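To start, the structure itself, in structure tokens.
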Amino acid sequence: MTAKIFIDGEHGTTGLQIRTRMAGRRDVDLLSIPEAERRNAAIREDLLNSADIAILCLPDDASREAVTMLAGNNQVRVIDTSTAYRVDPSWAYGFAELDKMQADKIRSARHVANPGCYPTGAIALLRPLTAAGILPPNYPVSVNAVSGYTGGGKQLIGQMEDQSRDDAISANNFLYGLTLKHKHVPEMQIHGQLGRAPLFSPSVGRFAQGMIVQVPLFLDALKHGATVEGIHQALVDHYAGQDIVIVVPLEESKALPRVDAEELVGQDRMKLFVFGNPATGHVNLVAVLDNLGKGASGAAVQNMDLMLSA
Ligand SMILES: NC(=O)C1=CN([C@@H]2O[C@H](COP(=O)(O)OP(=O)(O)OC[C@H]3O[C@@H](n4cnc5c(N)ncnc54)[C@H](OP(=O)(O)O)[C@@H]3O)[C@@H](O)[C@H]2O)C=CC1
Ligand SMILES: CC(=O)N[C@@H](CCC(=O)OP(=O)(O)O)C(=O)O
């Protein structure tokens, strides 16, 4: 039986990438809205209510509106890629590798909140360490990251690519979120199981897709006796038995001259690295992913596949 899928926002950045990933699949029947009608509420409501799974690729407010359009419909299952429901306990958090139970929670859920791109990297690095007791609950965590500019959707793509616009951005690499109130902070704190909010500093580079997320740590402020090898082993143990999150062997990391933000562009996997200097007790945890792969559209398709396998 084919499953009917409607991508609300299919003509946007995340939606288009989900559509591309589904092309040629015989197990899904894509319900489509013409681009010119993409904001037509009556057509969207009809398509949303006709789907088996609705994937929302919309700004937060429009996502909430779409969920309202489904009120009273107990059949349609929803994957939302926005920030609207990521810390709502009645929604399953769509990071299947979060712990051993999460994939089953997603499989049976009606409502799945797809993670943000930056939190995907940060939580992947932090959650195994909090779960293993290596990272104390009140550790002051910092998260520094760089994203490809597609992370900002159509608006930022236009500002970076069209230099004739009044609001064009000419910088090749810029920091933003300078008020330190980025919308991803609550999500990182809750699903990273952190006792205090992380200090998050995002940036954008002049490349379309790709991302590096860094979490620097001091060994002497972690659990007594914590080592670079112990941190690495905790990640290896946490991600055993799946092939989406790859923990790079320590020996391989030690030999690397650099890490490339674009290494996994076009792929739906994520790489985690542990860099350390035992002499200083400095550790740098690094995640590399495609913001539109495991950071968004790839994760949405992974979640859809889990839901279809229920
Ligand atoms: N880009 C990324 O790397 C990631 C994005 N996300 C999240 O995914 C969601 C979609 O982002 P993204 O694809 O980047 O954004 P885009 O701006 O590229 O696309 C959004 C799409 O939604 C449409 N839209 C906006 N408002 C409405 C509305 N009221 N009714 C119907 N359609 C509407 C837009 O149409 P129009 O062209 O008319 O504006 C556009 O086609 C956002 O919540 C974003 O935060 C999550 C992780 C990563
Ligand atoms: C480069 C850039 O602008 N990135 C976006 C986040 C992209 C993402 O993860 O999307 P959500 O908004 O759905 O969480 C931002 O910082 O707002």
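Each chain in the structure tokens gets a letter, A, B, ..., in the order shown, and its residues are numbered from 1; ligands are numbered from 1 in order too.
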
Find the residues near ligand 1. Use a cut-off of 6 Å, count only C-alpha atoms and all ligand atoms, and write them as a PyMOL selection string.
chain A and resi 9+11-15+38-39+57-60+62+81-83+116-117+150-154+291-292+295-296

When DSSP works through the backbone of this structure, what residues of segment 52-237 of chain A end up as strand (DSSP E), shown as a PDB file with C-alpha atoms, in the first residue's frame?
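Contents of result22.pdb, as written:
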ATOM      1  CA  ILE A  53       1.556  11.824   6.931  1.00  0.00           C
ATOM      2  CA  ALA A  54       1.810  15.628   6.621  1.00  0.00           C
ATOM      3  CA  ILE A  55       5.338  17.031   6.677  1.00  0.00           C
ATOM      4  CA  LEU A  56       5.318  20.714   7.629  1.00  0.00           C
ATOM      5  CA  ARG A  77       0.244  11.919  11.394  1.00  0.00           C
ATOM      6  CA  VAL A  78       2.500  14.988  11.382  1.00  0.00           C
ATOM      7  CA  ILE A  79       6.222  15.681  11.109  1.00  0.00           C
ATOM      8  CA  ASP A  80       6.952  19.351  11.792  1.00  0.00           C
ATOM      9  CA  ALA A  92       8.042  12.883  19.942  1.00  0.00           C
ATOM     10  CA  TYR A  93      11.444  14.483  19.363  1.00  0.00           C
ATOM     11  CA  HIS A 111       3.220  14.004  16.153  1.00  0.00           C
ATOM     12  CA  VAL A 112       6.963  14.190  15.522  1.00  0.00           C
ATOM     13  CA  ALA A 113       9.041  17.376  15.920  1.00  0.00           C
ATOM     14  CA  SER A 142      29.224  26.536  25.099  1.00  0.00           C
ATOM     15  CA  VAL A 143      28.167  25.633  21.570  1.00  0.00           C
ATOM     16  CA  ASN A 144      29.876  27.373  18.625  1.00  0.00           C
ATOM     17  CA  ALA A 145      28.772  26.644  15.101  1.00  0.00           C
ATOM     18  CA  VAL A 146      28.958  27.580  11.441  1.00  0.00           C
ATOM     19  CA  SER A 147      26.203  26.815   8.950  1.00  0.00           C
ATOM     20  CA  GLY A 148      25.850  26.991   5.206  1.00  0.00           C
ATOM     21  CA  ASN A 173      31.488  34.636   7.270  1.00  0.00           C
ATOM     22  CA  PHE A 174      29.405  36.358   9.935  1.00  0.00           C
ATOM     23  CA  LEU A 175      28.308  35.821  13.522  1.00  0.00           C
ATOM     24  CA  LEU A 199      25.790  29.611  25.540  1.00  0.00           C
ATOM     25  CA  PHE A 200      25.166  29.324  21.806  1.00  0.00           C
ATOM     26  CA  SER A 201      27.095  31.298  19.181  1.00  0.00           C
ATOM     27  CA  PRO A 202      26.030  30.538  15.577  1.00  0.00           C
ATOM     28  CA  SER A 203      27.595  31.827  12.377  1.00  0.00           C
ATOM     29  CA  VAL A 204      27.091  31.533   8.628  1.00  0.00           C
ATOM     30  CA  GLY A 205      29.662  31.004   5.885  1.00  0.00           C
ATOM     31  CA  MET A 211      27.702  22.662   9.118  1.00  0.00           C
ATOM     32  CA  ILE A 212      30.200  22.352  11.962  1.00  0.00           C
ATOM     33  CA  VAL A 213      29.019  22.369  15.586  1.00  0.00           C
ATOM     34  CA  GLN A 214      31.695  22.596  18.303  1.00  0.00           C
ATOM     35  CA  VAL A 215      31.452  21.992  22.059  1.00  0.00           C
ATOM     36  CA  PRO A 216      34.706  22.782  23.919  1.00  0.00           C
ATOM     37  CA  LEU A 217      35.150  21.107  27.327  1.00  0.00           C
ATOM     38  CA  PHE A 218      37.699  21.188  30.157  1.00  0.00           C
TER      39      PHE A 218
END

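Note that atom CA of Val286 of chain A and atom CA of Leu125 of chain A are 7.4 Å apart.
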
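Running DSSP on the backbone and keeping only alpha helix (DSSP H), the residues of segment 13-60 of chain A that qualify are A:Thr13, A:Thr14, A:Gly15, A:Leu16, A:Gln17, A:Ile18, A:Arg19, A:Thr20, A:Arg21, A:Met22, A:Ala41, A:Ala42, A:Ile43, A:Arg44, A:Glu45, A:Asp46, A:Leu47, A:Leu48, A:Asn49, A:Ser50, A:Asp60.
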
Generate the output file for the selected residues, C-alpha atoms, as a PDB file, in the first residue's frame.
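Contents of out_18.pdb, as written:
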ATOM      1  CA  THR A  13      14.248  25.013   0.894  1.00  0.00           C
ATOM      2  CA  THR A  14      13.563  22.096   3.254  1.00  0.00           C
ATOM      3  CA  GLY A  15      10.414  20.997   1.435  1.00  0.00           C
ATOM      4  CA  LEU A  16      12.134  20.810  -1.947  1.00  0.00           C
ATOM      5  CA  GLN A  17      14.920  18.666  -0.519  1.00  0.00           C
ATOM      6  CA  ILE A  18      12.399  16.267   1.004  1.00  0.00           C
ATOM      7  CA  ARG A  19      10.594  16.043  -2.327  1.00  0.00           C
ATOM      8  CA  THR A  20      13.880  15.262  -4.105  1.00  0.00           C
ATOM      9  CA  ARG A  21      14.639  12.501  -1.622  1.00  0.00           C
ATOM     10  CA  MET A  22      11.245  10.901  -2.299  1.00  0.00           C
ATOM     11  CA  ALA A  41      -5.359  28.000   3.108  1.00  0.00           C
ATOM     12  CA  ALA A  42      -8.391  26.124   1.740  1.00  0.00           C
ATOM     13  CA  ILE A  43      -6.298  23.920  -0.587  1.00  0.00           C
ATOM     14  CA  ARG A  44      -3.689  23.323   2.126  1.00  0.00           C
ATOM     15  CA  GLU A  45      -6.375  22.334   4.631  1.00  0.00           C
ATOM     16  CA  ASP A  46      -7.865  19.882   2.161  1.00  0.00           C
ATOM     17  CA  LEU A  47      -4.490  18.327   1.304  1.00  0.00           C
ATOM     18  CA  LEU A  48      -3.400  18.202   4.952  1.00  0.00           C
ATOM     19  CA  ASN A  49      -6.553  16.307   5.848  1.00  0.00           C
ATOM     20  CA  SER A  50      -6.159  13.915   2.889  1.00  0.00           C
ATOM     21  CA  ASP A  60       6.610  28.366  13.164  1.00  0.00           C
TER      22      ASP A  60
END

Å distance separating atom CA of Pro136 of chain A from atom CA of Thr227 of chain A, one decimal place:
14.3 Å

So that I can check the surroundings of Gln242 of chain A, please list as an NGL selection string every protein, DNA and RNA residue that reaches within 12 Å of it, counting only C-alpha atoms and ignoring chain neighbours fewer than 6 positions away.
:A and (96-100 or 103 or 236 or 269-270)

Can I get the selection written as an mmCIF file, in the first residue's frame, with all heavy atoms?
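So part.cif came out as:
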data_model
loop_
_atom_site.group_PDB
_atom_site.id
_atom_site.type_symbol
_atom_site.label_atom_id
_atom_site.label_comp_id
_atom_site.auth_asym_id
_atom_site.auth_seq_id
_atom_site.Cartn_x
_atom_site.Cartn_y
_atom_site.Cartn_z
ATOM 1 N N ALA A 96 16.260 10.101 16.144
ATOM 2 C CA ALA A 96 16.112 8.656 16.408
ATOM 3 C C ALA A 96 17.253 8.088 17.238
ATOM 4 O O ALA A 96 17.074 7.087 17.927
ATOM 5 C CB ALA A 96 16.004 7.915 15.074
ATOM 6 N N GLU A 97 18.421 8.729 17.190
ATOM 7 C CA GLU A 97 19.595 8.203 17.891
ATOM 8 C C GLU A 97 19.743 8.804 19.290
ATOM 9 O O GLU A 97 20.783 8.624 19.945
ATOM 10 C CB GLU A 97 20.865 8.477 17.068
ATOM 11 C CG GLU A 97 20.860 7.867 15.675
ATOM 12 C CD GLU A 97 20.033 8.661 14.660
ATOM 13 O OE1 GLU A 97 19.689 9.827 14.955
ATOM 14 O OE2 GLU A 97 19.710 8.118 13.589
ATOM 15 N N LEU A 98 18.719 9.509 19.768
ATOM 16 C CA LEU A 98 18.791 10.189 21.069
ATOM 17 C C LEU A 98 19.114 9.200 22.190
ATOM 18 O O LEU A 98 19.947 9.447 23.048
ATOM 19 C CB LEU A 98 17.448 10.869 21.354
ATOM 20 C CG LEU A 98 17.355 11.785 22.549
ATOM 21 C CD1 LEU A 98 18.219 13.029 22.356
ATOM 22 C CD2 LEU A 98 15.902 12.203 22.771
ATOM 23 N N ASP A 99 18.396 8.079 22.206
ATOM 24 C CA ASP A 99 18.696 6.982 23.131
ATOM 25 C C ASP A 99 18.107 5.718 22.519
ATOM 26 O O ASP A 99 17.575 5.754 21.402
ATOM 27 C CB ASP A 99 18.168 7.258 24.551
ATOM 28 C CG ASP A 99 16.662 7.455 24.602
ATOM 29 O OD1 ASP A 99 15.947 6.890 23.726
ATOM 30 O OD2 ASP A 99 16.171 8.166 25.485
ATOM 31 N N LYS A 100 18.169 4.633 23.251
ATOM 32 C CA LYS A 100 17.756 3.348 22.653
ATOM 33 C C LYS A 100 16.251 3.275 22.394
ATOM 34 O O LYS A 100 15.781 2.450 21.625
ATOM 35 C CB LYS A 100 18.184 2.177 23.559
ATOM 36 C CG LYS A 100 19.701 2.051 23.721
ATOM 37 C CD LYS A 100 20.381 1.553 22.441
ATOM 38 C CE LYS A 100 21.890 1.525 22.558
ATOM 39 N NZ LYS A 100 22.610 2.258 21.509
ATOM 40 N N ALA A 103 13.785 5.698 18.624
ATOM 41 C CA ALA A 103 13.298 5.267 17.310
ATOM 42 C C ALA A 103 11.901 4.646 17.438
ATOM 43 O O ALA A 103 11.017 4.891 16.604
ATOM 44 C CB ALA A 103 14.277 4.274 16.675
ATOM 45 N N VAL A 236 31.063 6.249 21.342
ATOM 46 C CA VAL A 236 31.048 4.983 20.582
ATOM 47 C C VAL A 236 29.951 4.067 21.132
ATOM 48 O O VAL A 236 29.149 3.492 20.375
ATOM 49 C CB VAL A 236 32.434 4.295 20.654
ATOM 50 C CG1 VAL A 236 32.362 2.867 20.122
ATOM 51 C CG2 VAL A 236 33.474 5.107 19.877
ATOM 52 N N ARG A 269 23.968 11.566 6.845
ATOM 53 C CA ARG A 269 24.642 11.070 8.042
ATOM 54 C C ARG A 269 25.339 12.228 8.771
ATOM 55 O O ARG A 269 25.401 13.341 8.253
ATOM 56 C CB ARG A 269 25.653 9.989 7.654
ATOM 57 C CG ARG A 269 24.945 8.807 6.988
ATOM 58 C CD ARG A 269 25.842 7.628 6.839
ATOM 59 N NE ARG A 269 27.017 7.946 6.056
ATOM 60 C CZ ARG A 269 28.029 7.087 5.861
ATOM 61 N NH1 ARG A 269 27.988 5.902 6.403
ATOM 62 N NH2 ARG A 269 29.062 7.435 5.134
ATOM 63 N N MET A 270 25.878 11.925 9.932
ATOM 64 C CA MET A 270 26.592 12.955 10.711
ATOM 65 C C MET A 270 27.846 12.312 11.282
ATOM 66 O O MET A 270 27.827 11.150 11.689
ATOM 67 C CB MET A 270 25.678 13.430 11.847
ATOM 68 C CG MET A 270 26.351 14.332 12.850
ATOM 69 S SD MET A 270 25.154 15.245 13.851
ATOM 70 C CE MET A 270 24.210 13.921 14.583
#

Neighbours of Leu219 of chain A within 6 Å (only C-alpha atoms; same-chain residues fewer than 2 positions away dropped), as a list in words?
Ala221, Leu222 and Gly281 of chain A

Would you mind exporting the chosen residues as a short mmCIF file (atom, residue, chain, number, x, y, z; two decimals), in the first residue's frame, restricted to all heavy atoms?
data_model
loop_
_atom_site.label_atom_id
_atom_site.label_comp_id
_atom_site.auth_asym_id
_atom_site.auth_seq_id
_atom_site.Cartn_x
_atom_site.Cartn_y
_atom_site.Cartn_z
N ALA A 221 36.85 19.87 34.76
CA ALA A 221 35.53 20.30 35.24
C ALA A 221 34.47 19.23 34.97
O ALA A 221 33.30 19.42 35.27
CB ALA A 221 35.14 21.61 34.56
N LEU A 222 34.92 18.12 34.39
CA LEU A 222 33.99 17.01 34.14
C LEU A 222 34.04 16.04 35.33
O LEU A 222 34.72 16.30 36.33
CB LEU A 222 34.38 16.29 32.84
CG LEU A 222 34.36 17.15 31.57
CD1 LEU A 222 34.87 16.35 30.37
CD2 LEU A 222 32.94 17.67 31.30
N GLY A 281 44.34 19.34 29.30
CA GLY A 281 42.98 18.97 29.70
C GLY A 281 41.92 19.62 28.82
O GLY A 281 40.75 19.71 29.20
#

Please compute the atom CA of Gly72 of chain A-atom CA of Ile106 of chain A distance, one decimal, in Å.
21.3 Å
